[in-house]
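Enquirer: So that we are looking at the same thing, I have put the structure below in structure tokens.
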Amino acid sequence: MSKWGIEEKETIEAINNIGFSGNILNIAAGDGRFNNRLLELSDSVTAIDIDNSELKNLEENCPKYLLDKLYTKAVDITQKLPFQDETFDGVFCTGTLHLFDRDTIIKILQEIKRVLKTKGRIVLDFATDIKRLDKYQNQVVFEGEGNYTTDEAVSLFENQLKEFSLNIGVAAFMEENLEDDAGYNYISGNFLVISGKARGKEY
Ligand SMILES: C[S@@+](CC[C@H](N)C(=O)[O-])C[C@H]1O[C@@H](n2cnc3c(N)ncnc32)[C@H](O)[C@@H]1O
């Protein structure tokens with residue numbers, strides 16, 4: 001299993017419903033939770049993350065028969081993405097956007113829209129109302145993290161993704177007994193699953 005937890009059923013449903021195909025960008029892919037599922041559906045997956053050790057684990061977690069469709073690259077997603085405009089048929093990002101402040105999230109969403117093809121598809125998730133505990137039950141707060149409420153997050157994505165026919169679902173999550181290198185042992189909260197098809201580019 002990924003050190004970042006299970007593959008939530010709501011996200012699996014969104015992946016299946018959106019109809020991913022072609023070339024997919026997996027942003028902040030970590031050790032590859034959901035990545036093999038994306039590979040099964042597509043011609044290629046480009047998995048990017050700032051941390052090369054995550055990408056190494058992602059490659060190790062990829063079955064041999066899917067490896068020739070997998071590309072990995074160390075990328076800081078707070079900077080301009082190193083891809084041309086309209087490169088990808090789909091963009092996927094889970095477990096990550098909530099780590100950034102509002103301006104950075106908006107910048108990342110602009111970059112997602114830039115590298116996505118006209119009528120491309122997205123599946124993103126976004127954790128809200130987060131509570132993390134270490135193994136001694138102390139609260140863990142990540143510096144710089146927004147800790148958004150569900151309503152704030154819904155309106156942020158509705159405003160920033162007007163070019164998409166969007167579907168936003170809300171579910172609860174809870175993970176415990178996580179490995180020490182996740183930085184916390186327990187996490188709970190809600191998460192949005194945001195999926196959409198671009199109506200055609202006007203941005
Ligand atoms: C909680 S993990 C989620 C990983 C994976 N997407 C998943 O859902 O399991 C967050 C990931 O974001 C990556 N990350 C954090 N800041 C980043 C940045 N500025 N650029 C690219 N990746 C980043 C971390 O290295 C980590 O792999």
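Chain labels run A, B, ... following the order of the structure tokens; each chain numbers its residues from 1, and ligands are numbered from 1 in the order shown.
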Residues within 10 Å of Ala182 (chain A), please, as a list of chain:residue names. Count only C-alpha atoms; anything in the same chain fewer than 6 positions from it doesn't count.
Expert: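 The neighbour list is A:Lys3, A:Trp4, A:Gly5, A:Asp134.
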Enquirer: Please write the residues from the selection above to a file, keeping C-alpha atoms, as a short mmCIF file (atom, residue, chain, number, x, y, z; two decimals), in the first residue's frame.
Expert:
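And here is the file that came out, part-v7.cif:
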data_model
loop_
_atom_site.label_atom_id
_atom_site.label_comp_id
_atom_site.auth_asym_id
_atom_site.auth_seq_id
_atom_site.Cartn_x
_atom_site.Cartn_y
_atom_site.Cartn_z
CA LYS A 3 2.51 5.36 2.45
CA TRP A 4 -0.11 8.06 1.72
CA GLY A 5 -3.00 5.71 2.41
CA ASP A 134 1.37 12.02 15.79
#
Enquirer: Compile the contact shell of Thr150 (chain A) as number ranges by chain: residues with an atom at most 9 Å away, counting only C-alpha atoms, same-chain residues fewer than 5 positions apart removed.
Expert: A: 127-129, 155, 170, 190-192
Enquirer: How about saving the chosen residues, N, CA and C atoms kept, as a compact mmCIF listing (two decimals), in the first residue's frame?
Expert:
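Result file part.txt:
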# COMPACT_ATOMS: atom_id res chain seq x y z
N ALA A 127 -8.28 18.16 0.48
CA ALA A 127 -8.68 17.85 1.85
C ALA A 127 -9.08 19.12 2.59
N THR A 128 -10.12 19.03 3.38
CA THR A 128 -10.61 20.17 4.16
C THR A 128 -10.82 19.74 5.61
N ASP A 129 -10.91 20.73 6.51
CA ASP A 129 -11.18 20.45 7.93
C ASP A 129 -10.25 19.35 8.47
N SER A 155 -15.99 26.88 -3.11
CA SER A 155 -16.12 28.13 -3.87
C SER A 155 -14.80 28.47 -4.58
N VAL A 170 -18.26 15.53 -2.00
CA VAL A 170 -17.61 15.69 -0.69
C VAL A 170 -17.74 14.38 0.08
N ASN A 190 -12.43 15.99 5.74
CA ASN A 190 -13.27 15.78 4.56
C ASN A 190 -12.41 15.94 3.33
N PHE A 191 -12.87 15.47 2.21
CA PHE A 191 -12.16 15.79 0.98
C PHE A 191 -13.14 15.95 -0.17
N LEU A 192 -12.78 16.94 -1.00
CA LEU A 192 -13.56 17.15 -2.22
C LEU A 192 -12.95 16.28 -3.30
Enquirer: Under the rule that only C-alpha atoms and all ligand atoms are counted, which of A:Ile168, A:Leu178, A:Leu156, A:Leu116 is the nearest residue to ligand 1?
Expert: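 Nearest to ligand 1: A:Leu178.
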Enquirer: Any chance you could tabulate, as a Markdown table, the residues of chain A at most 6 Å from ligand 1 with each one's nearest atom pair and distance in Å to one decimal, using only C-alpha atoms and all ligand atoms, in chain and rising number order?
Expert:
| residue | atom | partner | partner_atom_place_in_ligand_line | distance |
| --- | --- | --- | --- | --- |
| A:Trp4 | CA | ligand 1 | 9 (O) | 4.7 |
| A:Ala28 | CA | ligand 1 | 22 (N) | 4.1 |
| A:Ala29 | CA | ligand 1 | 6 (N) | 4.0 |
| A:Gly30 | CA | ligand 1 | 27 (O) | 3.3 |
| A:Arg33 | CA | ligand 1 | 9 (O) | 4.6 |
| A:Asp49 | CA | ligand 1 | 22 (N) | 3.9 |
| A:Ile50 | CA | ligand 1 | 21 (C) | 3.8 |
| A:Asp51 | CA | ligand 1 | 25 (O) | 4.7 |
| A:Glu54 | CA | ligand 1 | 27 (O) | 5.8 |
| A:Val75 | CA | ligand 1 | 21 (C) | 5.5 |
| A:Asp76 | CA | ligand 1 | 20 (N) | 3.5 |
| A:Ile77 | CA | ligand 1 | 20 (N) | 3.9 |
| A:Thr78 | CA | ligand 1 | 19 (N) | 5.1 |
| A:Cys93 | CA | ligand 1 | 6 (N) | 5.8 |
| A:Thr94 | CA | ligand 1 | 8 (O) | 4.1 |
| A:Gly95 | CA | ligand 1 | 8 (O) | 4.1 |
| A:Thr96 | CA | ligand 1 | 10 (C) | 4.7 |
Enquirer: Could you go through region 58-195 of chain A and tell me which residues DSSP, when run on the backbone, assigns to strand (DSSP E or B), listing them as an MDAnalysis selection string?
Expert: chainID A and resid 70:74 88:93 116:133 139 164:175 186:195
Enquirer: Go through A:Glu7, A:Glu40, A:Glu179, A:Gly200 and flag the residue nearest Arg114 (chain A), using only C-alpha atoms for the distances.
Expert: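 Nearest candidate to Arg114 (chain A) out of A:Glu7, A:Glu40, A:Glu179, A:Gly200: A:Gly200.
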Enquirer: Report the distance between CA of Phe100 (chain A) and CA of Ser42 (chain A) in Å, rounded to one decimal place.
Expert: 28.5 Å
Enquirer: List the neighbours of Tyr184 (chain A) out to 10 Å using only C-alpha atoms; skip same-chain residues closer than 3 positions along the sequence, and give me the result as a compact mmCIF listing (two decimals) with C-alpha atoms, in the first residue's frame.
Expert:
# COMPACT_ATOMS: atom_id res chain seq x y z
CA ARG A 132 -3.52 15.22 12.09
CA LEU A 133 -2.03 13.52 15.16
CA ASP A 134 1.37 12.02 15.79
CA LYS A 135 1.77 8.67 17.52
CA TYR A 136 1.68 10.41 20.92
CA GLN A 137 -1.71 11.98 20.03
CA ASN A 138 -0.17 15.47 19.63
CA GLN A 139 -1.75 17.66 16.97
CA VAL A 140 0.45 18.06 13.86
CA VAL A 141 0.10 21.28 11.85
CA GLU A 176 -4.47 5.70 11.00
CA ASN A 177 -1.30 3.76 11.74
CA LEU A 178 0.55 5.60 8.99
CA GLU A 179 4.30 5.15 8.66
CA ASP A 180 6.57 7.57 10.56
CA ASP A 181 7.93 9.17 7.39
CA ILE A 187 -5.30 12.03 9.76
Enquirer: Can you tell me which residues surround region 64-71 of chain A at a distance of at most 6 Å, considering only C-alpha atoms, apart from same-chain residues fewer than 3 positions away, and format the answer as a PyMOL selection string?
Expert: chain A and resi 44-46
Enquirer: What does the structure give for the distance between CA of Asp89 (chain A) and CA of Ile15 (chain A), in Å to one decimal?
Expert: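 These two atoms are separated by 13.3 Å.
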Enquirer: For CA of Leu25 (chain A) and CA of Glu86 (chain A), determine how far apart the two atoms are, in Å to one decimal place.
Expert: 11.4 Å
Enquirer: Calculated over only C-alpha atoms, which of the candidates A:Asn147, A:Leu161, A:Asp125, A:Leu55 has the smallest distance to Glu8 (chain A)?
Expert: A:Asp125
